[in-house]
Amino acid sequence: MVITLEQCVPFAIVLIALIIELTPAHFLYTGPFVTASPALAAVTMGPRGTMAAGAFALTISVITATYNEAWGSDQVYSNLLGLLLVSAASVTTSSAVRTRRQSELDQIRRIASAAQEVILRPVPARLGPLRAASTYLAAETGAQIGGDLYEAVHTHYGVRLIVGDVRGKGLHAVRAAAAVLSAFREAVHYEDDLAEVVDHCAAALRREGAVTGAVDHDVRAEEFVTVLVAQVPESFVVQLVNRGHPPPLVLSNGKVRPLLPTSPLPPLGLEDVYSSPSAEVESHSFAPGDRLLLYTDGVIEARDRDNNFFPLAEAMAAVRPSTPLAFLDELHDRLMRHTEGSLADDVAMVVADRLEDDHGARPSTLT
């Protein structure tokens with residue numbers, strides 16, 4: 001448990017009073033300082049900490065009264081009575097405040113959990129020819145949603161997936177993520193061209209940025225979103241459009257390979273800044289038994305105490321064969337051990353296993 005400077009103040013005040021009482025300066029009246037220490041403790045500590053401060057103050061009061069041979073005086077007894085009353089009141093107050101704060105925190109968490117279900121709902125365990133799972137870890141303590149995004153939808157074009165990362169933090173990042181996800185969830189069902197789906201996401205981000213007051217002007221000027229959109233049709237391929245996002249990884253026959261884009265494209269929101277060719281859908285082999293991992297840069301940029309990045313490809317290959325959910329659990333454990341439980345950025349991961357197709361399709365010769 002970490003003890004803050006504010007929590008040390010009540011005990012420091014009592015120690016100062018002890019020093020005064022044990023020196024020639026004991027003519028100074030220290031009773032009010034000692035009596036106030038439990039009340040100060042109640043501001044920064046819970047009931048146990050407040051009780052500890054009160055007990056410490058009471059012990060010091062007994063020691064100083066004995067040392068100065070002050071027993072029998074009305075002042076000593078009035079100080080002790082005042083200290084007991086203040087301690088009891090402080091413990092009661094601290095307990096009530098703690099209960100109220102916990103109730104408020106629980107309510108906020110329930111709201112955040114409901115918001116997460118809307119913005120970042122879990123990926124279904126089965127999507128057509130895929131078994132899938134997802135995980136999200138917010139770097140900010142107590143947070144459940146942030147600037148990372150993901151989704152997987154089964155459509156008549158195949159299974160379509162997206163993973164993305166909004167630059168920055170805070171509510172503007174959540175709004176941008178929600179705008180991109182909403183556009184994706186709608187467009188995937190009626191746009192046959194995967195590049196058009198991405199264009200819809202870009203247009204939604206521009207509309208969100210144009211809303212007056214929705215985003216600070218300086219933030220809006222620098223806002224962008226890296227996204228990777230994937231499609232798994234009936235044939236044994238995965239089709240990708242990558243807009244500035246880390247390339248996905250495929251685990252096939254014990255080996256991990258990145259699916260690098262042939263023509264790098266700028267993130268959403270930077271189309272007017274960087275000239276680039278039109279987005280083209282790129283296809284890669286994705287055979288039965290292969291495992292596809294989509295992730296955000298919070299995974300590969302996670303560092304250990306020696307400033308080494310998390311070796312995602314090696315970790316992916318080292319995870320024992322398991323279901324997608326168990327795979328993500330083990331990958332999560334490896335990531336947390338690498339960072340010693342401290343993440344510098346949000347983390348989102350989606351894993352999909354290619355199953356045998358019900359329509360008799362055969363593996364593609366694409367690489």
# chains A, B, ... in the order shown; residues from 1 in each chain; ligands from 1
$ select_by_dssp --residues "range 93-328 of chain A" --states "helix (DSSP H, G or I)" --output "MDAnalysis selection string"
chainID A and resid 93:119 171:187 194:210 217:222 297:300 312:318 324:328
$ closest_atom_pairs --of "range 181-273 of chain A" --to "range 278-290 of chain A" --cutoff "8 Å" --atoms "only C-alpha atoms" --output "JSON lines"
{"residue": "A:Leu194", "atom": "CA", "partner": "A:Val281", "partner_atom": "CA", "distance": 6.8}
{"residue": "A:Ala195", "atom": "CA", "partner": "A:Ala279", "partner_atom": "CA", "distance": 6.0}
{"residue": "A:Phe236", "atom": "CA", "partner": "A:Ala287", "partner_atom": "CA", "distance": 5.1}
{"residue": "A:Val237", "atom": "CA", "partner": "A:Phe286", "partner_atom": "CA", "distance": 4.5}
{"residue": "A:Val238", "atom": "CA", "partner": "A:His284", "partner_atom": "CA", "distance": 5.4}
{"residue": "A:Gln239", "atom": "CA", "partner": "A:Ser283", "partner_atom": "CA", "distance": 4.3}
{"residue": "A:Leu240", "atom": "CA", "partner": "A:Glu282", "partner_atom": "CA", "distance": 5.2}
{"residue": "A:Val241", "atom": "CA", "partner": "A:Val281", "partner_atom": "CA", "distance": 5.4}
{"residue": "A:Val250", "atom": "CA", "partner": "A:Asp290", "partner_atom": "CA", "distance": 6.6}
{"residue": "A:Leu251", "atom": "CA", "partner": "A:Asp290", "partner_atom": "CA", "distance": 5.7}
{"residue": "A:Ser252", "atom": "CA", "partner": "A:Asp290", "partner_atom": "CA", "distance": 4.8}
{"residue": "A:Asn253", "atom": "CA", "partner": "A:Asp290", "partner_atom": "CA", "distance": 7.5}
{"residue": "A:Leu259", "atom": "CA", "partner": "A:His284", "partner_atom": "CA", "distance": 7.3}
{"residue": "A:Pro261", "atom": "CA", "partner": "A:Glu282", "partner_atom": "CA", "distance": 7.4}
{"residue": "A:Leu265", "atom": "CA", "partner": "A:Ala279", "partner_atom": "CA", "distance": 7.2}
$ closest_residue --among "A:Leu294, A:Val14, A:Lys255, A:Val350" --to "Ala318 in chain A" --atoms "only C-alpha atoms"
A:Lys255
$ select_by_dssp --residues "range 118-342 of chain A" --states "strand (DSSP E or B)" --output "PyMOL selection string"
chain A and resi 126-127+130-137+148-155+158-166+225-232+236-243+249-252+255-258+268+282-285+291-295+303+309
$ residues_around --residues "Val9 in chain A" --least-positions-apart "3" --cutoff "8 Å" --atoms "only C-alpha atoms" --output "list of chain:residue names"
A:Leu5, A:Glu6, A:Ala12, A:Ile13, A:Leu40, A:Ala41
$ residues_around --residues "Gln7 in chain A" --least-positions-apart "6" --cutoff "12 Å" --atoms "only C-alpha atoms" --output "NGL selection string"
:A and (13 or 37-46 or 49-50 or 52-53)
$ atom_distance --atom1 "CA of Ala187 in chain A" --atom2 "CA of Val153 in chain A"
10.8 Å
$ residues_around --residues "Gln75 in chain A" --least-positions-apart "3" --cutoff "12 Å" --atoms "only C-alpha atoms" --output "list in words"
Tyr29, Thr30, Gly31, Pro32, Ser61, Ala65, Ala70, Trp71, Gly72, Ser78, Asn79, Leu80, Leu81 and Gly82 of chain A
$ decode --residues "range 246-260 of chain A" --atoms "N, CA, C and O atoms" --output "PDB file, in the first residue's frame"
ATOM      1  N   PRO A 246      -0.882  -0.614 -37.142  1.00  0.00           N
ATOM      2  CA  PRO A 246       0.066  -1.731 -37.093  1.00  0.00           C
ATOM      3  C   PRO A 246      -0.479  -2.940 -37.841  1.00  0.00           C
ATOM      4  O   PRO A 246      -1.668  -3.260 -37.725  1.00  0.00           O
ATOM      5  N   PRO A 247       0.359  -3.623 -38.607  1.00  0.00           N
ATOM      6  CA  PRO A 247      -0.138  -4.749 -39.427  1.00  0.00           C
ATOM      7  C   PRO A 247      -0.586  -5.912 -38.557  1.00  0.00           C
ATOM      8  O   PRO A 247       0.012  -6.189 -37.507  1.00  0.00           O
ATOM      9  N   PRO A 248      -1.638  -6.616 -38.971  1.00  0.00           N
ATOM     10  CA  PRO A 248      -2.077  -7.794 -38.214  1.00  0.00           C
ATOM     11  C   PRO A 248      -1.064  -8.917 -38.344  1.00  0.00           C
ATOM     12  O   PRO A 248      -0.206  -8.916 -39.239  1.00  0.00           O
ATOM     13  N   LEU A 249      -1.175  -9.876 -37.447  1.00  0.00           N
ATOM     14  CA  LEU A 249      -0.291 -11.034 -37.454  1.00  0.00           C
ATOM     15  C   LEU A 249      -1.110 -12.290 -37.708  1.00  0.00           C
ATOM     16  O   LEU A 249      -2.232 -12.415 -37.216  1.00  0.00           O
ATOM     17  N   VAL A 250      -0.533 -13.218 -38.452  1.00  0.00           N
ATOM     18  CA  VAL A 250      -1.159 -14.514 -38.691  1.00  0.00           C
ATOM     19  C   VAL A 250      -0.228 -15.602 -38.184  1.00  0.00           C
ATOM     20  O   VAL A 250       0.958 -15.638 -38.538  1.00  0.00           O
ATOM     21  N   LEU A 251      -0.771 -16.459 -37.342  1.00  0.00           N
ATOM     22  CA  LEU A 251      -0.040 -17.629 -36.862  1.00  0.00           C
ATOM     23  C   LEU A 251      -0.464 -18.819 -37.701  1.00  0.00           C
ATOM     24  O   LEU A 251      -1.630 -19.214 -37.696  1.00  0.00           O
ATOM     25  N   SER A 252       0.494 -19.378 -38.462  1.00  0.00           N
ATOM     26  CA  SER A 252       0.205 -20.496 -39.355  1.00  0.00           C
ATOM     27  C   SER A 252       1.307 -21.538 -39.225  1.00  0.00           C
ATOM     28  O   SER A 252       2.484 -21.222 -39.428  1.00  0.00           O
ATOM     29  N   ASN A 253       0.911 -22.756 -38.842  1.00  0.00           N
ATOM     30  CA  ASN A 253       1.877 -23.855 -38.690  1.00  0.00           C
ATOM     31  C   ASN A 253       3.024 -23.483 -37.753  1.00  0.00           C
ATOM     32  O   ASN A 253       4.196 -23.800 -38.011  1.00  0.00           O
ATOM     33  N   GLY A 254       2.705 -22.796 -36.672  1.00  0.00           N
ATOM     34  CA  GLY A 254       3.694 -22.450 -35.663  1.00  0.00           C
ATOM     35  C   GLY A 254       4.542 -21.240 -35.977  1.00  0.00           C
ATOM     36  O   GLY A 254       5.386 -20.852 -35.167  1.00  0.00           O
ATOM     37  N   LYS A 255       4.330 -20.615 -37.134  1.00  0.00           N
ATOM     38  CA  LYS A 255       5.115 -19.445 -37.511  1.00  0.00           C
ATOM     39  C   LYS A 255       4.204 -18.225 -37.611  1.00  0.00           C
ATOM     40  O   LYS A 255       3.066 -18.320 -38.062  1.00  0.00           O
ATOM     41  N   VAL A 256       4.746 -17.073 -37.204  1.00  0.00           N
ATOM     42  CA  VAL A 256       3.985 -15.824 -37.214  1.00  0.00           C
ATOM     43  C   VAL A 256       4.508 -14.935 -38.333  1.00  0.00           C
ATOM     44  O   VAL A 256       5.716 -14.734 -38.475  1.00  0.00           O
ATOM     45  N   ARG A 257       3.581 -14.412 -39.136  1.00  0.00           N
ATOM     46  CA  ARG A 257       3.970 -13.486 -40.198  1.00  0.00           C
ATOM     47  C   ARG A 257       3.079 -12.244 -40.143  1.00  0.00           C
ATOM     48  O   ARG A 257       1.865 -12.345 -39.915  1.00  0.00           O
ATOM     49  N   PRO A 258       3.687 -11.056 -40.344  1.00  0.00           N
ATOM     50  CA  PRO A 258       2.884  -9.831 -40.403  1.00  0.00           C
ATOM     51  C   PRO A 258       2.302  -9.652 -41.793  1.00  0.00           C
ATOM     52  O   PRO A 258       2.941  -9.979 -42.803  1.00  0.00           O
ATOM     53  N   LEU A 259       1.104  -9.129 -41.865  1.00  0.00           N
ATOM     54  CA  LEU A 259       0.447  -8.856 -43.146  1.00  0.00           C
ATOM     55  C   LEU A 259       0.657  -7.379 -43.477  1.00  0.00           C
ATOM     56  O   LEU A 259      -0.185  -6.522 -43.201  1.00  0.00           O
ATOM     57  N   LEU A 260       1.816  -7.092 -44.069  1.00  0.00           N
ATOM     58  CA  LEU A 260       2.223  -5.719 -44.337  1.00  0.00           C
ATOM     59  C   LEU A 260       1.520  -5.168 -45.577  1.00  0.00           C
ATOM     60  O   LEU A 260       1.380  -5.873 -46.582  1.00  0.00           O
TER      61      LEU A 260
END
